[in-house]
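Working notes, beginning with the structure itself.
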Amino acid sequence: FAQLPAGEVDRLLAQANRAELQKLVLRHLINARVPFETFKGAVTSAPTLGGEGVELNGDQPPTIGGAPVIQADVMATNGVVHVLGWVIPAPAPAPAS
């Protein structure tokens, strides 16, 4: 989150923007243990708790949602953390038909 533009974290923490902050955080959470080994050398996707799909790219260098994986497989008692180089951006809006 330190990579966000100056003032963005303060903006997101404002009460009026709590829904936006929640959506941003939930874009980074998958309701399953997904160690790097499960997508190493492959490209797949997984649903996030925010309801969006996120791409898991196990090629070199590995990325999640387009963000580089700085450190994979930090084991926690309630899951697996992959440290990312930046915040996963919101998906692009669907093209108008």
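We name chains A, B, ... following the order of the structure tokens; residues begin at 1 in each chain, and ligands are numbered from 1 as shown.
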
Run DSSP on the backbone of this structure and report the residues of stretch 4-89 of chain A it assigns to alpha helix (DSSP H), as an MDAnalysis selection string.
-> chainID A and resid 8:13 18:26

Once you have the residues from the selection above, write them out as a PDB file, in the first residue's frame, restricted to N, CA and C atoms.
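Writing the result to again.pdb gives the following:
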ATOM      1  N   GLU A   8      -3.469   8.723  -1.017  1.00  0.00           N
ATOM      2  CA  GLU A   8      -4.494   7.730  -1.381  1.00  0.00           C
ATOM      3  C   GLU A   8      -4.923   6.888  -0.185  1.00  0.00           C
ATOM      4  N   VAL A   9      -3.993   6.479   0.662  1.00  0.00           N
ATOM      5  CA  VAL A   9      -4.359   5.681   1.838  1.00  0.00           C
ATOM      6  C   VAL A   9      -5.254   6.512   2.754  1.00  0.00           C
ATOM      7  N   ASP A  10      -4.906   7.772   2.997  1.00  0.00           N
ATOM      8  CA  ASP A  10      -5.744   8.634   3.832  1.00  0.00           C
ATOM      9  C   ASP A  10      -7.133   8.798   3.217  1.00  0.00           C
ATOM     10  N   ARG A  11      -7.199   8.932   1.897  1.00  0.00           N
ATOM     11  CA  ARG A  11      -8.484   9.066   1.221  1.00  0.00           C
ATOM     12  C   ARG A  11      -9.324   7.807   1.421  1.00  0.00           C
ATOM     13  N   LEU A  12      -8.696   6.648   1.275  1.00  0.00           N
ATOM     14  CA  LEU A  12      -9.421   5.389   1.426  1.00  0.00           C
ATOM     15  C   LEU A  12      -9.880   5.156   2.861  1.00  0.00           C
ATOM     16  N   LEU A  13      -9.124   5.657   3.825  1.00  0.00           N
ATOM     17  CA  LEU A  13      -9.488   5.473   5.226  1.00  0.00           C
ATOM     18  C   LEU A  13     -10.610   6.401   5.682  1.00  0.00           C
ATOM     19  N   ARG A  18     -15.167   3.967   2.811  1.00  0.00           N
ATOM     20  CA  ARG A  18     -14.972   2.636   3.413  1.00  0.00           C
ATOM     21  C   ARG A  18     -15.351   1.499   2.458  1.00  0.00           C
ATOM     22  N   ALA A  19     -16.398   1.663   1.682  1.00  0.00           N
ATOM     23  CA  ALA A  19     -16.804   0.607   0.747  1.00  0.00           C
ATOM     24  C   ALA A  19     -15.729   0.394  -0.317  1.00  0.00           C
ATOM     25  N   GLU A  20     -15.132   1.463  -0.789  1.00  0.00           N
ATOM     26  CA  GLU A  20     -14.058   1.367  -1.777  1.00  0.00           C
ATOM     27  C   GLU A  20     -12.838   0.667  -1.181  1.00  0.00           C
ATOM     28  N   LEU A  21     -12.500   1.015   0.066  1.00  0.00           N
ATOM     29  CA  LEU A  21     -11.384   0.377   0.764  1.00  0.00           C
ATOM     30  C   LEU A  21     -11.653  -1.117   0.943  1.00  0.00           C
ATOM     31  N   GLN A  22     -12.868  -1.451   1.354  1.00  0.00           N
ATOM     32  CA  GLN A  22     -13.218  -2.860   1.551  1.00  0.00           C
ATOM     33  C   GLN A  22     -13.076  -3.636   0.242  1.00  0.00           C
ATOM     34  N   LYS A  23     -13.545  -3.067  -0.842  1.00  0.00           N
ATOM     35  CA  LYS A  23     -13.453  -3.729  -2.143  1.00  0.00           C
ATOM     36  C   LYS A  23     -11.988  -3.938  -2.539  1.00  0.00           C
ATOM     37  N   LEU A  24     -11.157  -2.933  -2.273  1.00  0.00           N
ATOM     38  CA  LEU A  24      -9.736  -3.024  -2.585  1.00  0.00           C
ATOM     39  C   LEU A  24      -9.070  -4.141  -1.777  1.00  0.00           C
ATOM     40  N   VAL A  25      -9.351  -4.202  -0.495  1.00  0.00           N
ATOM     41  CA  VAL A  25      -8.747  -5.229   0.366  1.00  0.00           C
ATOM     42  C   VAL A  25      -9.239  -6.618  -0.046  1.00  0.00           C
ATOM     43  N   LEU A  26     -10.534  -6.761  -0.295  1.00  0.00           N
ATOM     44  CA  LEU A  26     -11.084  -8.072  -0.655  1.00  0.00           C
ATOM     45  C   LEU A  26     -10.571  -8.576  -2.001  1.00  0.00           C
TER      46      LEU A  26
END

Find the spatial neighbours of A:Glu55, counting only C-alpha atoms, within a cut-off of 7 Å - ignore same-chain residues fewer than 6 positions away - and output them as a list of chain:residue names.
->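 These residues fall inside the cut-off: A:Thr44, A:Ser45, A:Ala46, A:Ile64, A:Gly65.
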
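The closest residue to A:Asp73, picked from A:Gly7, A:Pro95, A:Gly41, A:Pro35 and counting only C-alpha atoms, is A:Pro35.
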
Mind checking which residues fall within 7 Å of A:Trp86, counting only C-alpha atoms, ignoring those fewer than 6 positions away in the same chain, and posting them as JSON, numbers by chain?
-> {"A": [1, 3, 67]}

Give me the residues within 12 Å of stretch 77-84 of chain A as a PyMOL selection string, counting only C-alpha atoms and dropping any in the same chain fewer than 2 places off.
-> chain A and resi 1-3+28-38+56+61-75+86-89

Written file, previous selection with N, CA, C and O atoms, as a short mmCIF file (atom, residue, chain, number, x, y, z; two decimals), in the first residue's frame:
data_model
loop_
_atom_site.label_atom_id
_atom_site.label_comp_id
_atom_site.auth_asym_id
_atom_site.auth_seq_id
_atom_site.Cartn_x
_atom_site.Cartn_y
_atom_site.Cartn_z
N PHE A 1 0.82 -1.19 0.00
CA PHE A 1 0.00 0.00 0.00
C PHE A 1 0.86 1.25 0.00
O PHE A 1 0.39 2.34 -0.32
N ALA A 2 2.13 1.09 0.37
CA ALA A 2 3.05 2.23 0.36
C ALA A 2 3.29 2.71 -1.07
O ALA A 2 3.71 3.85 -1.27
N GLN A 3 3.01 1.88 -2.06
CA GLN A 3 3.21 2.25 -3.46
C GLN A 3 2.06 3.09 -4.03
O GLN A 3 2.16 3.62 -5.13
N HIS A 28 -7.64 -8.73 -2.72
CA HIS A 28 -6.37 -9.37 -2.41
C HIS A 28 -6.53 -10.66 -1.61
O HIS A 28 -5.53 -11.25 -1.18
N LEU A 29 -7.76 -11.11 -1.39
CA LEU A 29 -8.00 -12.29 -0.56
C LEU A 29 -8.72 -13.38 -1.35
O LEU A 29 -9.73 -13.12 -2.01
N ILE A 30 -8.21 -14.60 -1.23
CA ILE A 30 -8.83 -15.78 -1.85
C ILE A 30 -9.21 -16.71 -0.71
O ILE A 30 -8.42 -16.94 0.21
N ASN A 31 -10.42 -17.24 -0.74
CA ASN A 31 -10.91 -18.09 0.34
C ASN A 31 -10.44 -19.54 0.16
O ASN A 31 -11.23 -20.47 0.09
N ALA A 32 -9.13 -19.69 0.04
CA ALA A 32 -8.52 -21.02 -0.10
C ALA A 32 -7.02 -20.88 0.12
O ALA A 32 -6.46 -19.81 -0.08
N ARG A 33 -6.39 -21.95 0.53
CA ARG A 33 -4.93 -21.97 0.61
C ARG A 33 -4.42 -22.18 -0.81
O ARG A 33 -4.78 -23.17 -1.45
N VAL A 34 -3.60 -21.26 -1.28
CA VAL A 34 -3.06 -21.36 -2.63
C VAL A 34 -1.55 -21.17 -2.58
O VAL A 34 -1.02 -20.10 -2.86
N PRO A 35 -0.81 -22.23 -2.18
CA PRO A 35 0.64 -22.12 -2.19
C PRO A 35 1.15 -21.98 -3.62
O PRO A 35 0.49 -22.40 -4.58
N PHE A 36 2.32 -21.37 -3.76
CA PHE A 36 2.88 -21.12 -5.09
C PHE A 36 2.97 -22.39 -5.91
O PHE A 36 2.75 -22.37 -7.12
N GLU A 37 3.28 -23.50 -5.29
CA GLU A 37 3.42 -24.77 -6.01
C GLU A 37 2.17 -25.12 -6.81
O GLU A 37 2.26 -25.77 -7.85
N THR A 38 0.98 -24.67 -6.38
CA THR A 38 -0.26 -25.02 -7.08
C THR A 38 -0.42 -24.29 -8.41
O THR A 38 -1.21 -24.72 -9.24
N LEU A 56 -3.51 -15.83 -11.53
CA LEU A 56 -2.34 -16.36 -10.84
C LEU A 56 -1.39 -16.85 -11.92
O LEU A 56 -1.68 -17.83 -12.60
N PRO A 61 8.81 -13.90 -14.29
CA PRO A 61 8.58 -13.80 -12.86
C PRO A 61 7.10 -14.02 -12.54
O PRO A 61 6.23 -13.63 -13.32
N PRO A 62 6.79 -14.61 -11.40
CA PRO A 62 5.39 -14.86 -11.05
C PRO A 62 4.66 -13.56 -10.72
O PRO A 62 5.25 -12.61 -10.18
N THR A 63 3.38 -13.53 -11.06
CA THR A 63 2.53 -12.38 -10.74
C THR A 63 1.18 -12.87 -10.25
O THR A 63 0.74 -13.97 -10.57
N ILE A 64 0.52 -12.02 -9.49
CA ILE A 64 -0.86 -12.25 -9.08
C ILE A 64 -1.61 -10.97 -9.38
O ILE A 64 -1.25 -9.89 -8.91
N GLY A 65 -2.62 -11.08 -10.22
CA GLY A 65 -3.38 -9.90 -10.61
C GLY A 65 -2.52 -8.86 -11.29
O GLY A 65 -2.81 -7.67 -11.24
N GLY A 66 -1.43 -9.29 -11.92
CA GLY A 66 -0.52 -8.38 -12.60
C GLY A 66 0.56 -7.81 -11.70
O GLY A 66 1.50 -7.20 -12.18
N ALA A 67 0.45 -8.01 -10.41
CA ALA A 67 1.45 -7.50 -9.46
C ALA A 67 2.54 -8.55 -9.26
O ALA A 67 2.24 -9.73 -9.11
N PRO A 68 3.80 -8.14 -9.25
CA PRO A 68 4.88 -9.12 -9.06
C PRO A 68 4.87 -9.72 -7.66
O PRO A 68 4.61 -9.03 -6.68
N VAL A 69 5.13 -11.02 -7.60
CA VAL A 69 5.26 -11.71 -6.32
C VAL A 69 6.68 -11.48 -5.82
O VAL A 69 7.64 -11.95 -6.42
N ILE A 70 6.81 -10.74 -4.73
CA ILE A 70 8.11 -10.44 -4.14
C ILE A 70 8.58 -11.59 -3.25
O ILE A 70 9.74 -11.94 -3.23
N GLN A 71 7.64 -12.17 -2.52
CA GLN A 71 7.95 -13.33 -1.66
C GLN A 71 6.73 -14.23 -1.64
O GLN A 71 5.63 -13.80 -1.29
N ALA A 72 6.91 -15.48 -2.02
CA ALA A 72 5.81 -16.44 -2.05
C ALA A 72 5.80 -17.28 -0.78
O ALA A 72 6.82 -17.42 -0.11
N ASP A 73 4.64 -17.80 -0.48
CA ASP A 73 4.47 -18.81 0.56
C ASP A 73 4.92 -18.39 1.96
O ASP A 73 5.66 -19.11 2.63
N VAL A 74 4.46 -17.26 2.41
CA VAL A 74 4.65 -16.88 3.80
C VAL A 74 3.50 -17.57 4.54
O VAL A 74 2.34 -17.18 4.39
N MET A 75 3.82 -18.61 5.28
CA MET A 75 2.79 -19.42 5.92
C MET A 75 2.25 -18.71 7.16
O MET A 75 3.01 -18.22 7.99
N TRP A 86 3.02 -4.45 -5.53
CA TRP A 86 2.11 -3.32 -5.51
C TRP A 86 0.68 -3.81 -5.35
O TRP A 86 0.42 -5.01 -5.38
N VAL A 87 -0.22 -2.88 -5.16
CA VAL A 87 -1.64 -3.18 -4.98
C VAL A 87 -2.22 -3.66 -6.31
O VAL A 87 -1.94 -3.09 -7.37
N ILE A 88 -3.02 -4.73 -6.26
CA ILE A 88 -3.67 -5.23 -7.47
C ILE A 88 -4.68 -4.20 -7.94
O ILE A 88 -5.58 -3.80 -7.17
N PRO A 89 -4.56 -3.74 -9.18
CA PRO A 89 -5.51 -2.72 -9.67
C PRO A 89 -6.89 -3.32 -9.91
O PRO A 89 -7.05 -4.52 -10.08
#

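The nearest approach to A:Thr48 among the residues A:Ala90, A:Ala16, A:Gln60, A:Ala6, with only C-alpha atoms taken into account, belongs to A:Ala90.
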
Per DSSP on the backbone, filter chain A down to the residues in strand (DSSP E) and report them as a VMD selection string.
-> chain A and resid 43 to 47 53 to 57 63 to 64 67 to 76 79 to 84

Writing out the chosen residues with N, CA, C and O atoms as a short mmCIF file (atom, residue, chain, number, x, y, z; two decimals), in the first residue's frame:
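Below you can see selection_14.cif, which holds the result:
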data_model
loop_
_atom_site.label_atom_id
_atom_site.label_comp_id
_atom_site.auth_asym_id
_atom_site.auth_seq_id
_atom_site.Cartn_x
_atom_site.Cartn_y
_atom_site.Cartn_z
N VAL A 43 -0.71 -20.66 -15.70
CA VAL A 43 -1.53 -19.46 -15.54
C VAL A 43 -2.94 -19.92 -15.28
O VAL A 43 -3.50 -20.70 -16.05
N THR A 44 -3.51 -19.48 -14.18
CA THR A 44 -4.87 -19.85 -13.81
C THR A 44 -5.53 -18.64 -13.17
O THR A 44 -4.95 -17.57 -13.11
N SER A 45 -6.72 -18.83 -12.70
CA SER A 45 -7.39 -17.73 -11.99
C SER A 45 -8.12 -18.29 -10.78
O SER A 45 -8.36 -19.49 -10.69
N ALA A 46 -8.44 -17.38 -9.87
CA ALA A 46 -9.15 -17.76 -8.66
C ALA A 46 -10.10 -16.62 -8.30
O ALA A 46 -9.79 -15.45 -8.54
N PRO A 47 -11.26 -16.96 -7.73
CA PRO A 47 -12.18 -15.90 -7.30
C PRO A 47 -11.69 -15.27 -6.00
O PRO A 47 -11.22 -15.97 -5.10
N GLY A 53 -12.40 -12.20 -10.31
CA GLY A 53 -11.37 -13.20 -10.55
C GLY A 53 -10.02 -12.53 -10.57
O GLY A 53 -9.90 -11.37 -10.96
N VAL A 54 -8.99 -13.24 -10.13
CA VAL A 54 -7.63 -12.71 -10.16
C VAL A 54 -6.75 -13.74 -10.85
O VAL A 54 -6.89 -14.95 -10.63
N GLU A 55 -5.88 -13.27 -11.75
CA GLU A 55 -4.99 -14.17 -12.46
C GLU A 55 -3.79 -14.54 -11.59
O GLU A 55 -3.16 -13.68 -11.00
N LEU A 56 -3.51 -15.83 -11.53
CA LEU A 56 -2.34 -16.36 -10.84
C LEU A 56 -1.39 -16.85 -11.92
O LEU A 56 -1.68 -17.83 -12.60
N ASN A 57 -0.31 -16.13 -12.12
CA ASN A 57 0.63 -16.46 -13.18
C ASN A 57 1.91 -16.99 -12.55
O ASN A 57 2.67 -16.24 -11.95
N THR A 63 3.38 -13.53 -11.06
CA THR A 63 2.53 -12.38 -10.74
C THR A 63 1.18 -12.87 -10.25
O THR A 63 0.74 -13.97 -10.57
N ILE A 64 0.52 -12.02 -9.49
CA ILE A 64 -0.86 -12.25 -9.08
C ILE A 64 -1.61 -10.97 -9.38
O ILE A 64 -1.25 -9.89 -8.91
N ALA A 67 0.45 -8.01 -10.41
CA ALA A 67 1.45 -7.50 -9.46
C ALA A 67 2.54 -8.55 -9.26
O ALA A 67 2.24 -9.73 -9.11
N PRO A 68 3.80 -8.14 -9.25
CA PRO A 68 4.88 -9.12 -9.06
C PRO A 68 4.87 -9.72 -7.66
O PRO A 68 4.61 -9.03 -6.68
N VAL A 69 5.13 -11.02 -7.60
CA VAL A 69 5.26 -11.71 -6.32
C VAL A 69 6.68 -11.48 -5.82
O VAL A 69 7.64 -11.95 -6.42
N ILE A 70 6.81 -10.74 -4.73
CA ILE A 70 8.11 -10.44 -4.14
C ILE A 70 8.58 -11.59 -3.25
O ILE A 70 9.74 -11.94 -3.23
N GLN A 71 7.64 -12.17 -2.52
CA GLN A 71 7.95 -13.33 -1.66
C GLN A 71 6.73 -14.23 -1.64
O GLN A 71 5.63 -13.80 -1.29
N ALA A 72 6.91 -15.48 -2.02
CA ALA A 72 5.81 -16.44 -2.05
C ALA A 72 5.80 -17.28 -0.78
O ALA A 72 6.82 -17.42 -0.11
N ASP A 73 4.64 -17.80 -0.48
CA ASP A 73 4.47 -18.81 0.56
C ASP A 73 4.92 -18.39 1.96
O ASP A 73 5.66 -19.11 2.63
N VAL A 74 4.46 -17.26 2.41
CA VAL A 74 4.65 -16.88 3.80
C VAL A 74 3.50 -17.57 4.54
O VAL A 74 2.34 -17.18 4.39
N MET A 75 3.82 -18.61 5.28
CA MET A 75 2.79 -19.42 5.92
C MET A 75 2.25 -18.71 7.16
O MET A 75 3.01 -18.22 7.99
N ALA A 76 0.93 -18.66 7.25
CA ALA A 76 0.25 -18.10 8.41
C ALA A 76 -0.66 -19.18 8.97
O ALA A 76 -0.93 -20.18 8.31
N GLY A 79 -3.75 -19.25 6.58
CA GLY A 79 -3.62 -19.18 5.14
C GLY A 79 -2.19 -19.04 4.68
O GLY A 79 -1.24 -19.25 5.45
N VAL A 80 -2.05 -18.69 3.42
CA VAL A 80 -0.75 -18.49 2.79
C VAL A 80 -0.73 -17.07 2.25
O VAL A 80 -1.66 -16.64 1.57
N VAL A 81 0.34 -16.34 2.56
CA VAL A 81 0.48 -14.96 2.09
C VAL A 81 1.53 -14.93 1.00
O VAL A 81 2.60 -15.54 1.14
N HIS A 82 1.21 -14.23 -0.08
CA HIS A 82 2.19 -13.95 -1.12
C HIS A 82 2.39 -12.43 -1.10
O HIS A 82 1.44 -11.68 -1.32
N VAL A 83 3.60 -11.99 -0.81
CA VAL A 83 3.90 -10.57 -0.73
C VAL A 83 4.02 -10.03 -2.16
O VAL A 83 4.79 -10.56 -2.97
N LEU A 84 3.23 -8.99 -2.45
CA LEU A 84 3.20 -8.43 -3.80
C LEU A 84 3.95 -7.10 -3.85
O LEU A 84 4.05 -6.40 -2.85
#
